[in-house]
$ cat final36.tsv   # TSV, N, CA and C atoms and all ligand atoms
chain	number	residue	atom	x	y	z
A	1	MET	N	165.15	204.05	56.43
A	1	MET	CA	164.58	204.80	57.55
A	1	MET	C	165.25	206.18	57.62
A	2	PRO	N	164.47	207.26	57.67
A	2	PRO	CA	165.10	208.59	57.72
A	2	PRO	C	165.77	208.83	59.07
A	3	TYR	N	166.83	209.59	59.03
A	3	TYR	CA	167.53	209.93	60.27
A	3	TYR	C	166.85	211.16	60.89
A	4	VAL	N	166.60	211.09	62.19
A	4	VAL	CA	165.96	212.21	62.89
A	4	VAL	C	166.99	212.80	63.86
A	5	TYR	N	167.29	214.07	63.65
A	5	TYR	CA	168.30	214.76	64.46
A	5	TYR	C	167.62	215.65	65.50
A	6	ASP	N	168.01	215.51	66.75
A	6	ASP	CA	167.46	216.33	67.84
A	6	ASP	C	168.36	217.56	68.06
A	7	PRO	N	167.92	218.75	67.66
A	7	PRO	CA	168.79	219.93	67.76
A	7	PRO	C	169.03	220.40	69.20
A	8	MET	N	168.36	219.76	70.17
A	8	MET	CA	168.57	220.13	71.57
A	8	MET	C	169.61	219.23	72.25
A	9	ASN	N	170.22	218.30	71.50
A	9	ASN	CA	171.22	217.44	72.15
A	9	ASN	C	172.41	218.30	72.61
A	10	ILE	N	173.15	217.76	73.57
A	10	ILE	CA	174.17	218.58	74.25
A	10	ILE	C	175.29	219.04	73.32
A	11	PHE	N	175.63	218.23	72.31
A	11	PHE	CA	176.71	218.66	71.42
A	11	PHE	C	176.22	219.75	70.47
A	12	ALA	N	174.94	219.71	70.10
A	12	ALA	CA	174.39	220.81	69.31
A	12	ALA	C	174.44	222.10	70.12
A	13	ARG	N	174.19	222.00	71.40
A	13	ARG	CA	174.22	223.18	72.27
A	13	ARG	C	175.66	223.69	72.43
A	14	ILE	N	176.62	222.77	72.50
A	14	ILE	CA	178.03	223.19	72.52
A	14	ILE	C	178.37	223.93	71.24
A	15	LEU	N	177.93	223.40	70.10
A	15	LEU	CA	178.23	224.04	68.81
A	15	LEU	C	177.60	225.43	68.71
A	16	ARG	N	176.45	225.64	69.35
A	16	ARG	CA	175.80	226.96	69.33
A	16	ARG	C	176.39	227.91	70.38
A	17	GLY	N	177.35	227.40	71.18
A	17	GLY	CA	177.98	228.23	72.20
A	17	GLY	C	177.15	228.38	73.46
A	18	GLU	N	176.14	227.52	73.64
A	18	GLU	CA	175.27	227.62	74.82
A	18	GLU	C	175.89	226.95	76.04
A	19	ILE	N	176.83	226.02	75.79
A	19	ILE	CA	177.49	225.27	76.86
A	19	ILE	C	178.99	225.35	76.60
A	20	PRO	N	179.80	225.61	77.66
A	20	PRO	CA	181.24	225.71	77.42
A	20	PRO	C	181.88	224.35	77.13
A	21	ASN	N	183.04	224.40	76.52
A	21	ASN	CA	183.79	223.15	76.29
A	21	ASN	C	185.26	223.49	76.29
A	22	LYS	N	186.08	222.46	76.46
A	22	LYS	CA	187.54	222.64	76.41
A	22	LYS	C	188.00	222.23	75.02
A	23	THR	N	188.04	223.24	74.12
A	23	THR	CA	188.34	222.97	72.71
A	23	THR	C	189.80	222.63	72.50
A	24	LEU	N	190.03	221.59	71.70
A	24	LEU	CA	191.39	221.23	71.30
A	24	LEU	C	191.64	221.65	69.85
A	25	LEU	N	190.60	221.55	69.02
A	25	LEU	CA	190.77	221.83	67.59
A	25	LEU	C	189.43	222.32	67.04
A	26	ASP	N	189.50	223.37	66.23
A	26	ASP	CA	188.30	223.94	65.62
A	26	ASP	C	188.60	224.14	64.14
A	27	THR	N	187.89	223.44	63.27
A	27	THR	CA	188.12	223.53	61.82
A	27	THR	C	186.81	223.98	61.17
A	28	PRO	N	186.80	224.24	59.87
A	28	PRO	CA	185.57	224.72	59.24
A	28	PRO	C	184.36	223.80	59.46
A	29	HIS	N	184.57	222.50	59.51
A	29	HIS	CA	183.43	221.58	59.61
A	29	HIS	C	183.46	220.67	60.84
A	30	SER	N	184.43	220.85	61.71
A	30	SER	CA	184.58	219.91	62.84
A	30	SER	C	185.05	220.64	64.10
A	31	LEU	N	184.73	220.03	65.25
A	31	LEU	CA	185.19	220.56	66.54
A	31	LEU	C	185.68	219.38	67.39
A	32	ALA	N	186.82	219.58	68.04
A	32	ALA	CA	187.33	218.55	68.96
A	32	ALA	C	187.48	219.18	70.33
A	33	PHE	N	187.00	218.47	71.36
A	33	PHE	CA	187.05	218.99	72.73
A	33	PHE	C	187.21	217.83	73.70
A	34	HIS	N	187.68	218.17	74.90
A	34	HIS	CA	187.94	217.13	75.91
A	34	HIS	C	186.63	216.62	76.50
A	35	ASP	N	186.55	215.30	76.66
A	35	ASP	CA	185.38	214.69	77.28
A	35	ASP	C	185.27	215.13	78.74
A	36	ILE	N	184.05	215.41	79.17
A	36	ILE	CA	183.82	215.91	80.52
A	36	ILE	C	184.03	214.82	81.59
A	37	ARG	N	183.91	213.56	81.20
A	37	ARG	CA	184.14	212.43	82.11
A	37	ARG	C	185.17	211.50	81.48
A	38	PRO	N	186.46	211.90	81.50
A	38	PRO	CA	187.47	211.12	80.76
A	38	PRO	C	187.61	209.69	81.27
A	39	GLN	N	187.70	208.78	80.33
A	39	GLN	CA	187.87	207.36	80.64
A	39	GLN	C	189.33	206.92	80.52
A	40	ALA	N	190.20	207.84	80.14
A	40	ALA	CA	191.62	207.56	79.96
A	40	ALA	C	192.35	208.89	80.04
A	41	PRO	N	193.69	208.88	80.21
A	41	PRO	CA	194.42	210.15	80.28
A	41	PRO	C	194.18	211.05	79.07
A	42	VAL	N	194.04	210.44	77.90
A	42	VAL	CA	193.60	211.18	76.70
A	42	VAL	C	192.19	210.73	76.38
A	43	HIS	N	191.24	211.67	76.38
A	43	HIS	CA	189.86	211.36	75.98
A	43	HIS	C	189.27	212.61	75.34
A	44	VAL	N	189.34	212.62	74.03
A	44	VAL	CA	188.88	213.77	73.25
A	44	VAL	C	187.73	213.31	72.36
A	45	LEU	N	186.74	214.18	72.18
A	45	LEU	CA	185.62	213.90	71.29
A	45	LEU	C	185.77	214.77	70.04
A	46	VAL	N	185.59	214.17	68.90
A	46	VAL	CA	185.62	214.92	67.64
A	46	VAL	C	184.23	214.82	67.02
A	47	ILE	N	183.65	215.99	66.70
A	47	ILE	CA	182.29	216.01	66.14
A	47	ILE	C	182.27	216.83	64.86
A	48	PRO	N	181.41	216.45	63.92
A	48	PRO	CA	181.18	217.33	62.78
A	48	PRO	C	180.27	218.48	63.23
A	49	LYS	N	180.36	219.61	62.57
A	49	LYS	CA	179.49	220.74	62.93
A	49	LYS	C	178.09	220.60	62.35
A	50	GLY	N	177.94	219.73	61.37
A	50	GLY	CA	176.63	219.50	60.76
A	50	GLY	C	175.77	218.58	61.62
A	51	PRO	N	174.45	218.56	61.34
A	51	PRO	CA	173.50	217.81	62.16
A	51	PRO	C	173.39	216.34	61.77
A	52	TYR	N	174.35	215.55	62.22
A	52	TYR	CA	174.36	214.12	61.89
A	52	TYR	C	174.27	213.30	63.17
A	53	VAL	N	173.41	212.30	63.15
A	53	VAL	CA	173.14	211.51	64.35
A	53	VAL	C	174.28	210.54	64.66
A	54	ASN	N	174.81	209.94	63.63
A	54	ASN	CA	175.82	208.89	63.85
A	54	ASN	C	176.65	208.73	62.58
A	55	PHE	N	177.55	207.77	62.59
A	55	PHE	CA	178.49	207.65	61.49
A	55	PHE	C	177.80	207.25	60.19
A	56	ASP	N	176.83	206.35	60.25
A	56	ASP	CA	176.20	205.95	58.98
A	56	ASP	C	175.38	207.09	58.38
A	57	HIS	N	174.76	207.91	59.24
A	57	HIS	CA	174.07	209.11	58.76
A	57	HIS	C	175.06	210.06	58.08
A	58	PHE	N	176.17	210.32	58.76
A	58	PHE	CA	177.19	211.23	58.23
A	58	PHE	C	177.74	210.73	56.90
A	59	SER	N	178.07	209.46	56.83
A	59	SER	CA	178.68	208.94	55.61
A	59	SER	C	177.71	208.96	54.44
A	60	ALA	N	176.39	208.89	54.75
A	60	ALA	CA	175.39	208.91	53.68
A	60	ALA	C	175.08	210.33	53.22
A	61	ASP	N	175.02	211.30	54.14
A	61	ASP	CA	174.45	212.61	53.81
A	61	ASP	C	175.44	213.78	53.84
A	62	ALA	N	176.59	213.61	54.46
A	62	ALA	CA	177.53	214.74	54.53
A	62	ALA	C	178.17	214.99	53.17
A	63	SER	N	178.61	216.23	52.97
A	63	SER	CA	179.32	216.57	51.72
A	63	SER	C	180.74	216.01	51.76
A	64	ASP	N	181.34	215.93	50.60
A	64	ASP	CA	182.74	215.47	50.54
A	64	ASP	C	183.62	216.38	51.41
A	65	ALA	N	183.36	217.69	51.37
A	65	ALA	CA	184.19	218.63	52.16
A	65	ALA	C	184.08	218.34	53.65
A	66	GLU	N	182.86	218.03	54.11
A	66	GLU	CA	182.68	217.72	55.54
A	66	GLU	C	183.39	216.42	55.91
A	67	ILE	N	183.28	215.43	55.03
A	67	ILE	CA	183.90	214.13	55.32
A	67	ILE	C	185.42	214.24	55.35
A	68	VAL	N	185.98	214.97	54.40
A	68	VAL	CA	187.44	215.15	54.38
A	68	VAL	C	187.87	215.91	55.64
A	69	ASP	N	187.17	216.99	55.96
A	69	ASP	CA	187.52	217.81	57.11
A	69	ASP	C	187.46	216.98	58.40
A	70	PHE	N	186.39	216.22	58.56
A	70	PHE	CA	186.22	215.43	59.78
A	70	PHE	C	187.30	214.36	59.90
A	71	THR	N	187.57	213.68	58.79
A	71	THR	CA	188.60	212.62	58.81
A	71	THR	C	189.95	213.22	59.17
A	72	ARG	N	190.24	214.37	58.59
A	72	ARG	CA	191.54	215.02	58.89
A	72	ARG	C	191.56	215.52	60.33
A	73	ALA	N	190.43	216.00	60.84
A	73	ALA	CA	190.37	216.48	62.23
A	73	ALA	C	190.64	215.34	63.20
A	74	VAL	N	190.06	214.18	62.95
A	74	VAL	CA	190.31	213.03	63.83
A	74	VAL	C	191.80	212.69	63.82
A	75	GLY	N	192.39	212.66	62.65
A	75	GLY	CA	193.83	212.35	62.55
A	75	GLY	C	194.67	213.41	63.25
A	76	GLU	N	194.29	214.65	63.10
A	76	GLU	CA	195.04	215.74	63.74
A	76	GLU	C	194.98	215.62	65.27
A	77	VAL	N	193.82	215.25	65.79
A	77	VAL	CA	193.71	215.06	67.24
A	77	VAL	C	194.63	213.92	67.69
A	78	CYS	N	194.69	212.85	66.91
A	78	CYS	CA	195.62	211.76	67.26
A	78	CYS	C	197.05	212.29	67.33
A	79	ARG	N	197.41	213.14	66.37
A	79	ARG	CA	198.76	213.71	66.40
A	79	ARG	C	198.94	214.69	67.56
A	80	LEU	N	197.96	215.57	67.77
A	80	LEU	CA	198.08	216.59	68.84
A	80	LEU	C	198.21	215.97	70.22
A	81	THR	N	197.55	214.85	70.41
A	81	THR	CA	197.59	214.23	71.74
A	81	THR	C	198.77	213.27	71.85
A	82	ALA	N	199.59	213.24	70.82
A	82	ALA	CA	200.84	212.46	70.84
A	82	ALA	C	200.60	211.01	71.17
A	83	THR	N	199.54	210.47	70.63
A	83	THR	CA	199.23	209.07	70.93
A	83	THR	C	199.44	208.18	69.71
A	84	CYS	N	200.09	208.72	68.69
A	84	CYS	CA	200.29	207.92	67.47
A	84	CYS	C	201.37	206.87	67.69
A	85	PRO	N	201.20	205.69	67.07
A	85	PRO	CA	202.26	204.68	67.12
A	85	PRO	C	203.57	205.30	66.65
A	86	GLY	N	204.65	204.93	67.32
A	86	GLY	CA	205.95	205.46	66.95
A	86	GLY	C	206.27	206.74	67.70
A	87	ASP	N	205.35	207.21	68.52
A	87	ASP	CA	205.56	208.46	69.23
A	87	ASP	C	205.69	208.17	70.72
A	88	GLY	N	206.75	207.50	71.09
A	88	GLY	CA	206.96	207.18	72.51
A	88	GLY	C	206.00	206.10	72.96
A	89	ASP	N	205.09	206.48	73.83
A	89	ASP	CA	204.13	205.53	74.39
A	89	ASP	C	203.01	205.17	73.42
A	90	GLY	N	203.14	205.49	72.21
A	90	GLY	CA	202.20	205.39	71.11
A	90	GLY	C	200.97	204.51	71.25
A	91	GLY	N	200.05	204.76	70.39
A	91	GLY	CA	198.82	203.99	70.32
A	91	GLY	C	197.62	204.78	70.77
A	92	TYR	N	196.48	204.43	70.22
A	92	TYR	CA	195.23	205.11	70.58
A	92	TYR	C	194.08	204.22	70.15
A	93	ARG	N	192.88	204.58	70.56
A	93	ARG	CA	191.68	203.86	70.13
A	93	ARG	C	190.63	204.87	69.71
A	94	LEU	N	190.00	204.61	68.57
A	94	LEU	CA	188.87	205.42	68.10
A	94	LEU	C	187.61	204.62	68.31
A	95	ILE	N	186.60	205.26	68.92
A	95	ILE	CA	185.31	204.60	69.15
A	95	ILE	C	184.21	205.56	68.70
A	96	SER	N	183.20	205.02	68.00
A	96	SER	CA	182.02	205.83	67.69
A	96	SER	C	180.79	204.97	67.98
A	97	ASN	N	180.15	205.27	69.09
A	97	ASN	CA	178.97	204.51	69.51
A	97	ASN	C	177.74	204.99	68.75
A	98	ALA	N	176.86	204.04	68.41
A	98	ALA	CA	175.62	204.40	67.71
A	98	ALA	C	174.46	203.57	68.23
A	99	GLY	N	173.36	204.26	68.53
A	99	GLY	CA	172.11	203.59	68.87
A	99	GLY	C	172.15	202.79	70.15
A	100	ASP	N	171.16	201.94	70.30
A	100	ASP	CA	171.02	201.17	71.54
A	100	ASP	C	172.14	200.15	71.72
A	101	ALA	N	172.45	199.41	70.66
A	101	ALA	CA	173.49	198.38	70.77
A	101	ALA	C	174.84	199.01	71.09
A	102	GLY	N	175.08	200.20	70.52
A	102	GLY	CA	176.35	200.88	70.76
A	102	GLY	C	176.36	201.69	72.05
A	103	VAL	N	175.21	201.73	72.74
A	103	VAL	CA	175.05	202.50	73.98
A	103	VAL	C	175.48	203.96	73.75
A	104	GLN	N	174.83	204.59	72.77
A	104	GLN	CA	175.12	205.99	72.44
A	104	GLN	C	174.33	206.89	73.39
A	105	GLU	N	175.03	207.77	74.06
A	105	GLU	CA	174.40	208.68	75.03
A	105	GLU	C	173.96	209.98	74.35
A	106	VAL	N	174.83	210.53	73.50
A	106	VAL	CA	174.54	211.82	72.86
A	106	VAL	C	174.28	211.59	71.36
A	107	PRO	N	173.07	211.95	70.87
A	107	PRO	CA	172.71	211.62	69.49
A	107	PRO	C	173.22	212.62	68.45
A	108	HIS	N	174.52	212.89	68.53
A	108	HIS	CA	175.22	213.69	67.52
A	108	HIS	C	176.53	212.95	67.27
A	109	LEU	N	176.83	212.65	66.00
A	109	LEU	CA	178.03	211.86	65.71
A	109	LEU	C	179.25	212.38	66.47
A	110	HIS	N	179.94	211.49	67.11
A	110	HIS	CA	181.22	211.83	67.74
A	110	HIS	C	182.13	210.63	67.71
A	111	VAL	N	183.42	210.92	67.53
A	111	VAL	CA	184.45	209.88	67.64
A	111	VAL	C	185.22	210.16	68.91
A	112	HIS	N	185.31	209.14	69.76
A	112	HIS	CA	186.14	209.23	70.96
A	112	HIS	C	187.57	208.90	70.55
A	113	VAL	N	188.52	209.75	70.92
A	113	VAL	CA	189.94	209.45	70.76
A	113	VAL	C	190.48	209.18	72.16
A	114	LEU	N	190.88	207.94	72.39
A	114	LEU	CA	191.31	207.51	73.72
A	114	LEU	C	192.77	207.06	73.67
A	115	GLY	N	193.51	207.38	74.73
A	115	GLY	CA	194.90	206.95	74.78
A	115	GLY	C	195.54	207.35	76.08
A	116	GLY	N	196.87	207.28	76.08
A	116	GLY	CA	197.62	207.67	77.26
A	116	GLY	C	197.84	206.55	78.25
A	117	ARG	N	197.21	205.41	77.98
A	117	ARG	CA	197.48	204.20	78.78
A	117	ARG	C	197.07	203.00	77.93
A	118	VAL	N	197.49	201.83	78.36
A	118	VAL	CA	197.04	200.62	77.67
A	118	VAL	C	195.56	200.44	77.99
A	119	LEU	N	194.74	200.29	76.95
A	119	LEU	CA	193.29	200.39	77.11
A	119	LEU	C	192.58	199.05	77.33
A	120	GLY	N	193.30	197.96	77.25
A	120	GLY	CA	192.67	196.66	77.50
A	120	GLY	C	191.90	196.17	76.29
A	121	TRP	N	191.02	195.20	76.52
A	121	TRP	CA	190.27	194.60	75.42
A	121	TRP	C	189.36	195.62	74.76
A	122	MET	N	189.06	195.38	73.49
A	122	MET	CA	188.26	196.32	72.71
A	122	MET	C	186.86	196.47	73.27
A	123	VAL	N	186.21	195.34	73.61
A	123	VAL	CA	184.89	195.37	74.23
A	123	VAL	C	184.88	194.34	75.34
A	124	GLN	N	183.86	194.47	76.19
A	124	GLN	CA	183.67	193.46	77.22
A	124	GLN	C	183.52	192.12	76.51
A	125	ARG	N	184.20	191.10	77.00
A	125	ARG	CA	184.19	189.82	76.28
A	125	ARG	C	182.82	189.17	76.38
A	126	PHE	N	182.37	188.63	75.26
A	126	PHE	CA	181.05	188.02	75.16
A	126	PHE	C	181.15	186.56	75.58
A	127	GLU	N	180.42	186.18	76.59
A	127	GLU	CA	180.48	184.77	77.06
A	127	GLU	C	179.31	184.00	76.47
A	201	LIG	P1	178.50	208.24	73.94
A	201	LIG	O1	178.10	207.26	75.01
A	201	LIG	O2	179.39	207.62	72.90
A	201	LIG	O3	177.30	208.95	73.34
A	201	LIG	O4	179.42	209.31	74.64
A	201	LIG	C1	179.02	210.59	75.00
A	201	LIG	C2	180.18	211.23	75.70
A	201	LIG	O5	179.92	212.61	75.83
A	201	LIG	C3	180.47	210.69	77.10
A	201	LIG	O6	181.81	210.18	77.15
A	201	LIG	C4	180.29	211.92	78.01
A	201	LIG	O7	181.20	211.96	79.07
A	201	LIG	C5	180.53	213.05	77.03
A	201	LIG	N1	179.89	214.31	77.38
A	201	LIG	C6	178.60	214.54	77.74
A	201	LIG	N2	178.40	215.83	77.97
A	201	LIG	C7	179.56	216.47	77.71
A	201	LIG	C8	179.99	217.83	77.76
A	201	LIG	N3	179.15	218.82	78.12
A	201	LIG	N4	181.28	218.11	77.44
A	201	LIG	C9	182.12	217.13	77.09
A	201	LIG	N5	181.78	215.83	77.02
A	201	LIG	C10	180.53	215.50	77.34
$ encode --input "final36.tsv" --output "structure tokens" --more "lines below"
Ligand code: AMP
Amino acid sequence: MPYVYDPMNIFARILRGEIPNKTLLDTPHSLAFHDIRPQAPVHVLVIPKGPYVNFDHFSADASDAEIVDFTRAVGEVCRLTATCPGDGDGGYRLISNAGDAGVQEVPHLHVHVLGGRVLGWMVQRFE
């Protein structure tokens, strides 16, 4: 099934400079900024600058340079926010929601970097 990218999604508009953001990191192929509705003391979103809907789209169609840049950007955000294991209160969680099952709100690939407190169970427990 082909991936369909909506260029009017809010992260595309942030990348075009149409909407402000609180940038933490800007690299040739990636942008990291603070989530507007933080769910934890640390809540940063890392996005590729290219038009990718979700992680499986990105992994299939992005160039090696984009994939390396994005992977390094996510790691750098973990370091910048001082949430890495071994760094005091260490630990973090990476989440990338996709589609209906993942309850994805914005259809542009993003990784949530969450930390700064103990985050509890990974997902709501399935009964
Ligand atoms: P998801 O449900 O994984 O698609 O998450 C989308 C995230 O984008 C949510 O955590 C929102 O709070 C966040 N968000 C939406 N609009 C903005 C914005 N303008 N700036 C920063 N974060 C945003």
$ residues_near_ligand --input "final36.tsv" --ligand "ligand LIG 201 (chain A)" --cutoff "12 Å" --atoms "only C-alpha atoms and all ligand atoms" --output "number ranges by chain"
A: 9-15, 17-24, 31-40, 42-47, 53-55, 94-114
$ select_by_dssp --input "final36.tsv" --residues "chain A" --states "strand (DSSP E or B)" --output "MDAnalysis selection string"
chainID A and resid 23:26 30:34 42:48 92:95 111:115
$ select_by_dssp --input "final36.tsv" --residues "chain A" --states "alpha helix (DSSP H)" --output "ChimeraX atom specification"
/A:10-15,55-61,64-80
$ atom_distance --input "final36.tsv" --atom1 "atom CA of Glu66 of chain A" --atom2 "atom C of Pro51 of chain A"
11.3 Å
$ atom_distance --input "final36.tsv" --atom1 "atom N of Gly115 of chain A" --atom2 "atom CA of Glu76 of chain A"
13.9 Å
$ atom_distance --input "final36.tsv" --atom1 "atom CA of Gly116 of chain A" --atom2 "atom N of Leu25 of chain A"
17.6 Å
$ closest_residue --input "final36.tsv" --among "A:Cys78, A:Val4, A:Ala73, A:Leu119" --to "Asp26 of chain A" --atoms "only C-alpha atoms"
A:Ala73
